[in-house]
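Printed here is protein.cif (mmCIF, C-alpha atoms):
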```
data_start
loop_
_atom_site.label_atom_id
_atom_site.label_comp_id
_atom_site.auth_asym_id
_atom_site.auth_seq_id
_atom_site.Cartn_x
_atom_site.Cartn_y
_atom_site.Cartn_z
CA MET A 23 15.55 -20.30 0.03
CA TYR A 24 12.01 -19.17 -0.68
CA GLU A 25 10.52 -19.77 -4.10
CA LEU A 26 7.85 -17.29 -5.19
CA TYR A 27 5.56 -18.12 -8.08
CA VAL A 28 4.05 -15.07 -9.74
CA ALA A 29 1.97 -14.49 -12.86
CA ASN A 30 2.71 -11.90 -15.52
CA LYS A 31 3.97 -8.49 -14.38
CA ASN A 32 1.61 -6.25 -16.36
CA TYR A 33 -1.69 -7.50 -14.96
CA SER A 34 -1.08 -9.49 -11.78
CA SER A 35 -1.80 -7.17 -8.86
CA TRP A 36 -1.98 -10.10 -6.44
CA SER A 37 1.50 -11.28 -7.43
CA LEU A 38 2.95 -7.81 -6.95
CA ARG A 39 2.16 -7.67 -3.24
CA PRO A 40 4.52 -10.33 -1.84
CA TRP A 41 7.05 -9.73 -4.62
CA VAL A 42 7.51 -6.03 -3.84
CA LEU A 43 7.48 -6.65 -0.09
CA MET A 44 10.24 -9.25 -0.32
CA ARG A 45 12.32 -7.09 -2.65
CA GLU A 46 11.99 -3.94 -0.54
CA THR A 47 12.66 -5.69 2.77
CA GLY A 48 15.60 -7.73 1.48
CA ILE A 49 14.03 -11.18 1.84
CA GLU A 50 15.80 -13.31 -0.74
CA PHE A 51 13.80 -15.58 -3.01
CA GLU A 52 13.91 -17.37 -6.32
CA GLU A 53 11.26 -16.09 -8.72
CA HIS A 54 9.22 -18.30 -11.02
CA LEU A 55 7.13 -16.55 -13.67
CA VAL A 56 3.97 -18.49 -14.55
CA PRO A 57 1.89 -16.76 -17.26
CA PHE A 58 -1.73 -17.88 -17.20
CA GLY A 59 -2.59 -20.71 -19.56
CA GLY A 60 0.91 -21.52 -20.86
CA PRO A 61 3.00 -24.67 -20.42
CA ALA A 62 4.45 -23.36 -17.18
CA TRP A 63 0.90 -23.04 -15.83
CA GLN A 64 0.22 -26.74 -16.24
CA ALA A 65 3.46 -27.58 -14.46
CA PHE A 66 2.56 -25.16 -11.68
CA LEU A 67 -0.73 -26.95 -11.03
CA GLU A 68 1.28 -30.02 -10.08
CA ILE A 69 2.95 -27.95 -7.35
CA SER A 70 -0.14 -26.04 -6.21
CA PRO A 71 -3.43 -27.83 -6.99
CA SER A 72 -5.41 -24.73 -5.95
CA GLY A 73 -3.93 -22.88 -8.91
CA LYS A 74 -3.64 -19.74 -6.78
CA ILE A 75 -1.04 -17.16 -7.80
CA PRO A 76 1.02 -15.88 -6.04
CA CYS A 77 2.31 -18.96 -4.27
CA LEU A 78 5.26 -19.29 -1.91
CA VAL A 79 7.18 -22.53 -1.55
CA HIS A 80 9.48 -22.88 1.46
CA GLY A 81 10.90 -26.37 1.68
CA ALA A 82 7.92 -28.67 2.14
CA THR A 83 5.60 -25.77 3.00
CA LEU A 84 3.23 -24.35 0.40
CA VAL A 85 1.55 -20.99 1.04
CA TRP A 86 -0.92 -19.38 -1.36
CA ASP A 87 -2.89 -16.11 -1.30
CA SER A 88 -0.99 -12.83 -0.87
CA LEU A 89 -2.24 -12.21 2.68
CA ALA A 90 -1.29 -15.70 3.85
CA ILE A 91 2.16 -15.37 2.26
CA ILE A 92 2.80 -12.07 4.00
CA GLU A 93 1.74 -13.42 7.38
CA TYR A 94 3.97 -16.46 6.86
CA LEU A 95 6.91 -14.15 6.15
CA ALA A 96 6.05 -11.96 9.15
CA GLU A 97 6.50 -14.96 11.44
CA ARG A 98 10.08 -15.31 10.21
CA HIS A 99 11.33 -11.79 9.46
CA ARG A 100 11.33 -8.50 11.33
CA GLY A 101 10.07 -5.48 9.49
CA VAL A 102 7.28 -7.11 7.50
CA TRP A 103 4.76 -5.32 9.73
CA PRO A 104 5.51 -2.17 11.78
CA GLN A 105 7.20 -2.80 15.11
CA ASP A 106 4.89 -0.48 17.05
CA ALA A 107 1.80 -2.38 18.23
CA ALA A 108 -0.69 0.40 17.44
CA ALA A 109 0.81 0.95 14.00
CA ARG A 110 0.81 -2.78 13.38
CA ALA A 111 -2.88 -3.07 14.28
CA TRP A 112 -3.74 -0.17 11.97
CA ALA A 113 -1.60 -1.61 9.17
CA ARG A 114 -3.21 -5.04 9.42
CA SER A 115 -6.68 -3.49 9.39
CA ALA A 116 -5.89 -1.35 6.35
CA ALA A 117 -4.33 -4.28 4.50
CA ALA A 118 -7.33 -6.48 5.27
CA GLU A 119 -9.66 -3.74 4.02
CA MET A 120 -7.73 -3.59 0.75
CA HIS A 121 -7.82 -7.38 0.51
CA SER A 122 -11.61 -7.54 0.80
CA SER A 123 -12.92 -4.17 -0.37
CA PHE A 124 -12.57 -1.49 -3.08
CA MET A 125 -14.44 -3.72 -5.52
CA GLU A 126 -15.41 -0.94 -7.93
CA LEU A 127 -11.81 0.22 -8.16
CA ARG A 128 -10.66 -3.36 -8.80
CA ASN A 129 -13.31 -4.08 -11.42
CA ARG A 130 -13.33 -0.79 -13.29
CA CYS A 131 -9.61 0.01 -13.06
CA SER A 132 -7.92 -3.36 -13.48
CA MET A 133 -4.13 -3.26 -13.27
CA SER A 134 -2.34 -2.86 -16.58
CA CYS A 135 0.99 -1.22 -15.82
CA GLY A 136 2.02 -0.38 -19.36
CA VAL A 137 -1.15 1.27 -20.60
CA ARG A 138 -2.48 4.81 -20.16
CA LEU A 139 -6.26 5.06 -20.23
CA ARG A 140 -9.15 7.48 -19.85
CA LEU A 141 -12.26 6.20 -18.10
CA LYS A 142 -15.47 6.56 -20.07
CA GLU A 143 -17.39 7.40 -16.91
CA MET A 144 -16.75 7.92 -13.21
CA PRO A 145 -19.59 6.17 -11.35
CA ALA A 146 -20.47 7.04 -7.77
CA ALA A 147 -19.13 3.74 -6.45
CA LEU A 148 -15.69 4.46 -7.88
CA LYS A 149 -15.73 7.95 -6.43
CA ARG A 150 -16.51 6.43 -3.02
CA ASP A 151 -13.60 3.99 -3.33
CA ILE A 152 -11.21 6.79 -4.25
CA ALA A 153 -12.48 8.98 -1.40
CA ARG A 154 -11.97 6.10 1.03
CA LEU A 155 -8.42 5.60 -0.22
CA GLU A 156 -7.67 9.28 0.30
CA THR A 157 -9.09 9.18 3.84
CA LEU A 158 -7.30 5.96 4.76
CA TRP A 159 -3.92 6.95 3.39
CA SER A 160 -4.08 10.47 4.82
CA ASP A 161 -4.97 9.02 8.21
CA GLY A 162 -2.04 6.59 8.23
CA LEU A 163 0.47 9.16 6.99
CA ALA A 164 -0.64 11.73 9.59
CA ARG A 165 -1.01 9.27 12.46
CA PHE A 166 2.36 7.54 12.10
CA GLY A 167 4.46 10.28 10.56
CA GLY A 168 5.18 8.77 7.14
CA PRO A 169 6.68 8.67 4.64
CA PHE A 170 4.95 5.27 4.39
CA LEU A 171 1.51 4.37 5.67
CA ALA A 172 2.34 2.99 9.10
CA ALA A 173 6.07 3.47 9.54
CA SER A 174 9.12 5.32 8.29
CA SER A 175 9.94 2.28 6.15
CA PHE A 176 8.02 0.22 3.61
CA THR A 177 5.97 -2.56 5.24
CA ALA A 178 3.28 -5.05 4.27
CA VAL A 179 0.46 -2.51 4.30
CA ASP A 180 2.28 -0.50 1.62
CA ALA A 181 2.71 -3.70 -0.40
CA PHE A 182 -1.05 -4.21 -0.35
CA PHE A 183 -1.62 -0.78 -1.88
CA ALA A 184 1.27 -0.97 -4.36
CA PRO A 185 -1.04 -2.20 -7.17
CA VAL A 186 -3.27 0.82 -6.58
CA ALA A 187 -0.33 3.08 -7.42
CA TYR A 188 -0.12 1.53 -10.87
CA ARG A 189 -3.90 1.87 -11.28
CA VAL A 190 -3.70 5.57 -10.40
CA GLN A 191 -0.91 6.02 -12.94
CA SER A 192 -2.62 4.05 -15.70
CA TYR A 193 -6.06 5.64 -15.37
CA GLY A 194 -4.93 9.15 -14.41
CA LEU A 195 -6.98 9.10 -11.21
CA GLU A 196 -6.96 12.41 -9.36
CA LEU A 197 -6.15 12.30 -5.65
CA CYS A 198 -5.73 14.79 -2.83
CA PRO A 199 -2.11 16.02 -2.40
CA PRO A 200 -1.08 13.66 0.46
CA ALA A 201 -2.45 10.61 -1.37
CA ALA A 202 -0.94 11.68 -4.70
CA ALA A 203 2.45 12.18 -3.07
CA TYR A 204 2.23 8.73 -1.47
CA VAL A 205 1.49 7.15 -4.86
CA GLN A 206 4.55 8.85 -6.30
CA ARG A 207 6.74 7.53 -3.47
CA LEU A 208 5.54 4.02 -4.20
CA LEU A 209 6.17 4.33 -7.93
CA GLU A 210 9.72 5.55 -7.31
CA LEU A 211 10.72 2.60 -5.12
CA PRO A 212 13.51 0.50 -6.69
CA ALA A 213 11.41 -2.67 -6.57
CA MET A 214 8.42 -0.92 -8.15
CA ARG A 215 10.63 0.43 -10.94
CA ARG A 216 12.00 -3.06 -11.52
CA TRP A 217 8.50 -4.58 -11.70
CA TYR A 218 7.34 -1.82 -14.05
CA ALA A 219 10.28 -2.32 -16.42
CA ALA A 220 9.52 -6.04 -16.59
CA ALA A 221 5.83 -5.29 -17.23
CA LEU A 222 6.69 -3.06 -20.19
CA ALA A 223 8.96 -5.74 -21.64
CA GLU A 224 6.19 -8.37 -21.67
CA ASN A 225 4.45 -9.07 -24.97
CA PHE A 226 1.84 -11.35 -23.36
CA ARG A 227 -1.79 -10.21 -23.68
CA ASP A 228 -4.67 -11.60 -21.62
CA ALA A 229 -7.62 -11.32 -24.01
CA PRO A 230 -10.43 -11.30 -21.41
CA GLN A 231 -8.73 -8.59 -19.34
CA GLU A 232 -7.94 -6.51 -22.42
CA ALA A 233 -11.61 -6.71 -23.45
CA GLU A 234 -12.84 -5.72 -19.99
CA MET A 235 -10.45 -2.79 -19.94
CA LEU A 236 -11.72 -1.49 -23.28
CA GLU A 237 -15.33 -1.69 -22.10
CA VAL A 238 -14.74 0.95 -19.43
CA ALA A 239 -11.84 3.02 -20.76
CA THR A 240 -10.21 4.42 -23.88
CA VAL A 241 -6.54 3.67 -24.49
CA ILE A 242 -4.46 6.84 -24.76
CA GLU A 243 -1.05 5.19 -24.98
CA ASP A 244 0.29 1.62 -24.89
CA LEU A 245 3.89 1.47 -23.72
CA ARG A 246 4.21 -2.31 -23.71
CA ALA A 247 6.31 -4.41 -26.05
CA ALA A 248 4.36 -5.31 -29.16
CA ALA A 249 2.25 -8.43 -28.95
CA PRO A 250 3.49 -11.34 -31.08
#
```

Before anything else, please render the file you have as structure tokens.
Amino acid sequence: MYELYVANKNYSSWSLRPWVLMRETGIEFEEHLVPFGGPAWQAFLEISPSGKIPCLVHGATLVWDSLAIIEYLAERHRGVWPQDAAARAWARSAAAEMHSSFMELRNRCSMSCGVRLRLKEMPAALKRDIARLETLWSDGLARFGGPFLAASSFTAVDAFFAPVAYRVQSYGLELCPPAAAYVQRLLELPAMRRWYAAALAENFRDAPQEAEMLEVATVIEDLRAAAP
């Protein structure tokens, strides 16, 4: 049995990737929730000295970083990546681009599932990131026939962009019709609904991330459970 260590559900975009992939593809695992800074965090450091979340434990094997976890799972389970070689190459390239790029989107629109916000400004760098997302998603959907980016079913490349769907929802980002429809498909997935419900139920607040969020955006609505 796999054991997957994830951080909180509201903020942790990195944790969401392997979690939603494993849920949607039926890979069973035991979940361990490790909020940053709490008692569970100190215990987790004894398991994974790097302190990287998410982290997958499989027997004596420890795998950290969302991309490494997904590749580890792909070696053991069909359907993690598309079966078609061309689609698989495209999917890996798109996932790697998400893993290393879109820095303005990451920094200015940090993931906070349960909050609705209005950006105070839309800088050129963010517009470029959004335009690239639209181009990339539209290309994958058209090239491989949809309804997901590189296959008819949800695969790892969709998992990599799942956190973006919550960012689009939270910040009200406007997208072209194919990209907007893709975001809606992601948000309606059973695993995404389950993650979202858990995020709303959390009363944990990460002060640094809350402060960064308020620097760039105005809160319109906070749907999360009240902080203690």

For the structure provided, state which residues fall under the PyMOL selection byres ((chain A and resi 213-225) around 7), and present them as an mmCIF file with C-alpha atoms, keeping the file's coordinate frame.
```cif
data_model
loop_
_atom_site.group_PDB
_atom_site.id
_atom_site.type_symbol
_atom_site.label_atom_id
_atom_site.label_comp_id
_atom_site.auth_asym_id
_atom_site.auth_seq_id
_atom_site.Cartn_x
_atom_site.Cartn_y
_atom_site.Cartn_z
ATOM 1 C CA LYS A 31 3.970 -8.490 -14.380
ATOM 2 C CA ASN A 32 1.610 -6.250 -16.360
ATOM 3 C CA VAL A 42 7.510 -6.030 -3.840
ATOM 4 C CA ARG A 45 12.320 -7.090 -2.650
ATOM 5 C CA GLU A 46 11.990 -3.940 -0.540
ATOM 6 C CA CYS A 135 0.990 -1.220 -15.820
ATOM 7 C CA GLY A 136 2.020 -0.380 -19.360
ATOM 8 C CA LEU A 208 5.540 4.020 -4.200
ATOM 9 C CA LEU A 209 6.170 4.330 -7.930
ATOM 10 C CA GLU A 210 9.720 5.550 -7.310
ATOM 11 C CA LEU A 211 10.720 2.600 -5.120
ATOM 12 C CA PRO A 212 13.510 0.500 -6.690
ATOM 13 C CA PHE A 226 1.840 -11.350 -23.360
ATOM 14 C CA ARG A 227 -1.790 -10.210 -23.680
ATOM 15 C CA LEU A 245 3.890 1.470 -23.720
ATOM 16 C CA ARG A 246 4.210 -2.310 -23.710
ATOM 17 C CA ALA A 247 6.310 -4.410 -26.050
ATOM 18 C CA ALA A 248 4.360 -5.310 -29.160
ATOM 19 C CA ALA A 249 2.250 -8.430 -28.950
ATOM 20 C CA PRO A 250 3.490 -11.340 -31.080
#
```

Kindly give the distance, in Å, that separates CA of Arg140 (chain A) and CA of Val241 (chain A), rounded to a single decimal. 6.5 Å

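Put simply, the PyMOL selection byres ((chain A and resi 187) around 9) in this file takes in Phe183, Ala184, Pro185, Val186, Tyr188, Arg189, Val190, Gln191, Ser192, Tyr204, Val205, Gln206, Leu208 and Leu209 of chain A.
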
Applied to the shown file, which residues does the PyMOL selection byres ((chain A and resi 36) around 9) return, written as a list in words? Val28, Ala29, Tyr33, Ser34, Ser35, Ser37, Leu38, Arg39, Pro40, Ile75, Pro76, Asp87, Ser88, Phe182 and Pro185 of chain A

Would you mind telling me which residue in A:Val102, A:Ala108, A:Leu236, A:Ala153 lies nearest to Ser132 (chain A) when using all atoms listed in the file? A:Leu236

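In this model, the gap between CA of Glu126 (chain A) and CA of Pro71 (chain A) comes to 29.5 Å.
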
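In this model, the gap between CA of Leu139 (chain A) and CA of Thr240 (chain A) comes to 5.4 Å.
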
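Nearest residue to Ser123 (chain A) among A:Gly101, A:Asp151, A:Phe51, A:Met235 is A:Asp151, counting all atoms listed in the file.
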
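Using all atoms listed in the file, the nearest neighbour of Pro200 (chain A) within the list A:Phe176, A:Tyr94, A:Phe170, A:Trp159 is A:Trp159.
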
Which residues come within 8 Å of Leu89 (chain A), counting all atoms listed in the file, excluding same-chain residues fewer than 3 positions away, as a JSON list (two decimals) with C-alpha atoms, in the frame of the given file?
```json
[["chain", "number", "residue", "atom", "x", "y", "z"],
["A", 92, "ILE", "CA", 2.80, -12.07, 4.00],
["A", 93, "GLU", "CA", 1.74, -13.42, 7.38],
["A", 121, "HIS", "CA", -7.82, -7.38, 0.51]]
```

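When all atoms listed in the file are used to measure the gap to Met120 (chain A), the shortest distance among A:Glu143, A:Glu232, A:Asp180, A:Asp161 belongs to A:Asp180.
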
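Among the candidates A:Asp228, A:Glu243, A:Glu237, A:Glu156, the one nearest to Ala203 (chain A) when counting all atoms listed in the file is A:Glu156.
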
Neighbour list for Leu141 (chain A) as a list in words, cut-off 7 Å, only C-alpha atoms, skip fewer than 4 positions in-chain: Tyr193, Val238, Ala239 and Thr240 of chain A

Please produce a file of the residues just selected, as an mmCIF file, in the frame of the given file, where the atoms kept are C-alpha atoms.
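again-v5.cif, freshly written:
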```
data_model
loop_
_atom_site.group_PDB
_atom_site.id
_atom_site.type_symbol
_atom_site.label_atom_id
_atom_site.label_comp_id
_atom_site.auth_asym_id
_atom_site.auth_seq_id
_atom_site.Cartn_x
_atom_site.Cartn_y
_atom_site.Cartn_z
ATOM 1 C CA TYR A 193 -6.060 5.640 -15.370
ATOM 2 C CA VAL A 238 -14.740 0.950 -19.430
ATOM 3 C CA ALA A 239 -11.840 3.020 -20.760
ATOM 4 C CA THR A 240 -10.210 4.420 -23.880
#
```
